[in-house]
Amino acid sequence: MADMIYKYSAMNGGKTLNILQTAYSYEANNFKVVIIKSIKDTKGKNAIISRNGMNRVVDILLKENESLLRDKNYKIYYTAKVILVDEVDLLNASQIRELWTIAHLINIPVICYGLKSNFKGEIFGEGVAQIFAIADIVEEVGSTSLCPCGKKAIFNARKINGKFTDQGPIVVIDDGTKKDVEYVPLCSDCYLKYVKIGSTESKKLANLVDKIK
Ligand SMILES: [Zn+2]
């Protein structure tokens with residue numbers, strides 16, 4: 001049977017470009033590709049768009065608690081050679097288990113793309129926790145995500161009105177409609193320096209920084 005693969009990276013790590021290139025490779029060989037994303041991902045509406053301007057309309061725009069096993073969706077993907085899922089971090093654990101079932105019962109490879117951690121530096125949510133637990137293969141997308149300091153980015157830091165924060169709801173999509181929200185991929189050093197110190201853990205960290213000095 002086929003595998004479920006999880007390819008993760010920090011933001012701006014080339015995930016969308018990787019999906020579009022993978023879709024192109026299959027379709028150039030006349031294989032059917034089905035692309036799925038959550039309706040919660042309002043960026044690009046019913047399409048996925050890479051930063052270099054490539055885009056593609058998705059085949060299934062999955063609602064919050066919608067089952068992938070329902071007839072309407074099964075009819076779309078059952079003849080597919082591969083299923084590609086964008087921003088899998090926005091799916092719930094049950095939807096992840098359904099994707100795993102599709103790979104192992106219907107024998108269609110499922111390649112999922114998403115983040116590892118949220119802006120607080122925690123595992124993104126129940127969907128990501130579930131996929132780390134059951135994916136056959138977990139790998140980092142060849143990382144093009146760089147911190148402004150030049151090191152490899154690990155964290156997805158949130159800025160509100162230009163200031164870093166680790167407070168607020170987990171999912172706030174930067175879809176261009178909220179001028180005050182922005183995400184910045186940061187390395188561990190910069191995340192600690194700009195987000196954690198002076199934030200929720202400020203007192204303990206400030207004491208430690210004083211000791212090191
Ligand atoms: Zn850095």
# chains A, B, ... in the order shown; residues from 1 in each chain; ligands from 1
>>> residues_near_ligand(ligand="ligand 1", cutoff="12 Å", atoms="only C-alpha atoms and all ligand atoms", output="number ranges by chain")
A: 145-157, 184-195
>>> residues_around(residues="region 44-49 of chain A", least_positions_apart="2", cutoff="10 Å", atoms="only C-alpha atoms", output="PyMOL selection string")
chain A and resi 16-17+19-20+35-42+51-61+86-87+175-176
>>> select_by_dssp(residues="region 59-144 of chain A", states="strand (DSSP E)", output="PyMOL selection string")
chain A and resi 60-62+82-85+110-114+137-140
>>> write_last_selection(atoms="N, CA, C and O atoms", output="compact mmCIF listing (two decimals), in the first residue's frame")
# COMPACT_ATOMS: atom_id res chain seq x y z
N ILE A 60 -10.17 20.00 -3.61
CA ILE A 60 -11.07 19.89 -2.46
C ILE A 60 -10.71 21.01 -1.48
O ILE A 60 -9.58 21.08 -0.99
N LEU A 61 -11.68 21.89 -1.22
CA LEU A 61 -11.52 22.93 -0.20
C LEU A 61 -12.26 22.41 1.03
O LEU A 61 -13.48 22.47 1.10
N LEU A 62 -11.49 21.85 1.95
CA LEU A 62 -12.07 21.06 3.05
C LEU A 62 -12.61 21.94 4.17
O LEU A 62 -11.89 22.78 4.70
N VAL A 82 -1.85 10.67 -6.96
CA VAL A 82 -1.27 11.22 -5.72
C VAL A 82 -2.23 12.27 -5.15
O VAL A 82 -2.94 12.94 -5.91
N ILE A 83 -2.25 12.36 -3.82
CA ILE A 83 -3.01 13.42 -3.15
C ILE A 83 -2.00 14.32 -2.46
O ILE A 83 -1.13 13.85 -1.72
N LEU A 84 -2.11 15.64 -2.71
CA LEU A 84 -1.22 16.62 -2.08
C LEU A 84 -2.05 17.50 -1.16
O LEU A 84 -3.11 18.00 -1.57
N VAL A 85 -1.61 17.67 0.07
CA VAL A 85 -2.38 18.45 1.03
C VAL A 85 -1.54 19.63 1.50
O VAL A 85 -0.43 19.45 2.02
N VAL A 110 -0.20 9.89 -0.18
CA VAL A 110 -0.67 11.19 0.33
C VAL A 110 0.56 11.96 0.82
O VAL A 110 1.27 11.49 1.70
N ILE A 111 0.81 13.10 0.19
CA ILE A 111 1.95 13.93 0.61
C ILE A 111 1.39 15.20 1.24
O ILE A 111 0.67 15.96 0.59
N CYS A 112 1.70 15.38 2.52
CA CYS A 112 1.17 16.53 3.27
C CYS A 112 2.29 17.54 3.50
O CYS A 112 3.43 17.17 3.72
N TYR A 113 1.92 18.80 3.49
CA TYR A 113 2.87 19.89 3.70
C TYR A 113 2.36 20.78 4.82
O TYR A 113 1.16 21.05 4.88
N GLY A 114 3.25 21.24 5.67
CA GLY A 114 2.79 22.14 6.72
C GLY A 114 3.91 22.57 7.63
O GLY A 114 5.09 22.34 7.36
N ILE A 137 6.55 8.58 6.64
CA ILE A 137 7.82 9.29 6.46
C ILE A 137 7.61 10.75 6.89
O ILE A 137 6.61 11.37 6.51
N VAL A 138 8.52 11.26 7.70
CA VAL A 138 8.48 12.68 8.07
C VAL A 138 9.81 13.28 7.63
O VAL A 138 10.87 12.76 7.97
N GLU A 139 9.75 14.33 6.84
CA GLU A 139 11.01 14.94 6.42
C GLU A 139 10.87 16.45 6.29
O GLU A 139 9.78 16.97 6.07
N GLU A 140 11.99 17.13 6.45
CA GLU A 140 11.99 18.58 6.31
C GLU A 140 12.11 18.93 4.83
O GLU A 140 12.91 18.33 4.11
>>> atom_distance(atom1="CA of Asn161 (chain A)", atom2="CA of Glu182 (chain A)")
8.2 Å
>>> closest_residue(among="A:Ala10, A:Val181, A:Val128, A:Ile102", to="Gly168 (chain A)", atoms="only C-alpha atoms")
A:Val181
>>> closest_residue(among="A:Thr22, A:Ser50, A:Thr144, A:Thr165", to="Ile197 (chain A)", atoms="only C-alpha atoms")
A:Thr165
>>> atom_distance(atom1="CA of Ala129 (chain A)", atom2="CA of Arg158 (chain A)")
20.8 Å
>>> closest_residue(among="A:Lys32, A:Lys7, A:Lys163, A:Lys120", to="Lys81 (chain A)", atoms="only C-alpha atoms")
A:Lys32
>>> select_by_dssp(residues="region 61-113 of chain A", states="helix (DSSP H, G or I)", output="PyMOL selection string")
chain A and resi 71-77+88-90+93-106
>>> write_last_selection(atoms="C-alpha atoms", output="PDB file, in the first residue's frame")
ATOM      1  CA  ASP A  71     -18.821  10.105  -1.187  1.00  0.00           C
ATOM      2  CA  LYS A  72     -18.516  13.632  -2.597  1.00  0.00           C
ATOM      3  CA  ASN A  73     -14.789  13.716  -1.785  1.00  0.00           C
ATOM      4  CA  TYR A  74     -14.073  10.048  -2.533  1.00  0.00           C
ATOM      5  CA  LYS A  75     -15.400  10.583  -6.090  1.00  0.00           C
ATOM      6  CA  ILE A  76     -12.830  13.353  -6.575  1.00  0.00           C
ATOM      7  CA  TYR A  77      -9.723  11.487  -5.389  1.00  0.00           C
ATOM      8  CA  VAL A  88      -2.045  20.317   6.880  1.00  0.00           C
ATOM      9  CA  ASP A  89      -1.558  22.160  10.190  1.00  0.00           C
ATOM     10  CA  LEU A  90      -5.096  23.551   9.697  1.00  0.00           C
ATOM     11  CA  ALA A  93      -6.647  14.948  13.982  1.00  0.00           C
ATOM     12  CA  SER A  94      -9.574  13.005  12.547  1.00  0.00           C
ATOM     13  CA  GLN A  95      -8.938  14.393   9.040  1.00  0.00           C
ATOM     14  CA  ILE A  96      -5.269  13.372   9.370  1.00  0.00           C
ATOM     15  CA  ARG A  97      -6.293   9.816  10.308  1.00  0.00           C
ATOM     16  CA  GLU A  98      -8.573   9.773   7.235  1.00  0.00           C
ATOM     17  CA  LEU A  99      -5.656  10.761   4.981  1.00  0.00           C
ATOM     18  CA  TRP A 100      -3.596   7.938   6.505  1.00  0.00           C
ATOM     19  CA  THR A 101      -6.512   5.548   5.855  1.00  0.00           C
ATOM     20  CA  ILE A 102      -6.734   6.663   2.221  1.00  0.00           C
ATOM     21  CA  ALA A 103      -3.010   5.916   1.728  1.00  0.00           C
ATOM     22  CA  HIS A 104      -3.158   2.517   3.390  1.00  0.00           C
ATOM     23  CA  LEU A 105      -6.610   1.296   2.338  1.00  0.00           C
ATOM     24  CA  ILE A 106      -7.193   2.888  -1.079  1.00  0.00           C
TER      25      ILE A 106
END
>>> closest_residue(among="A:Gln21, A:Asn107, A:Ser67, A:Asn30", to="Met1 (chain A)", atoms="only C-alpha atoms")
A:Asn107
>>> atom_distance(atom1="CA of Ser9 (chain A)", atom2="CA of Pro109 (chain A)")
20.0 Å
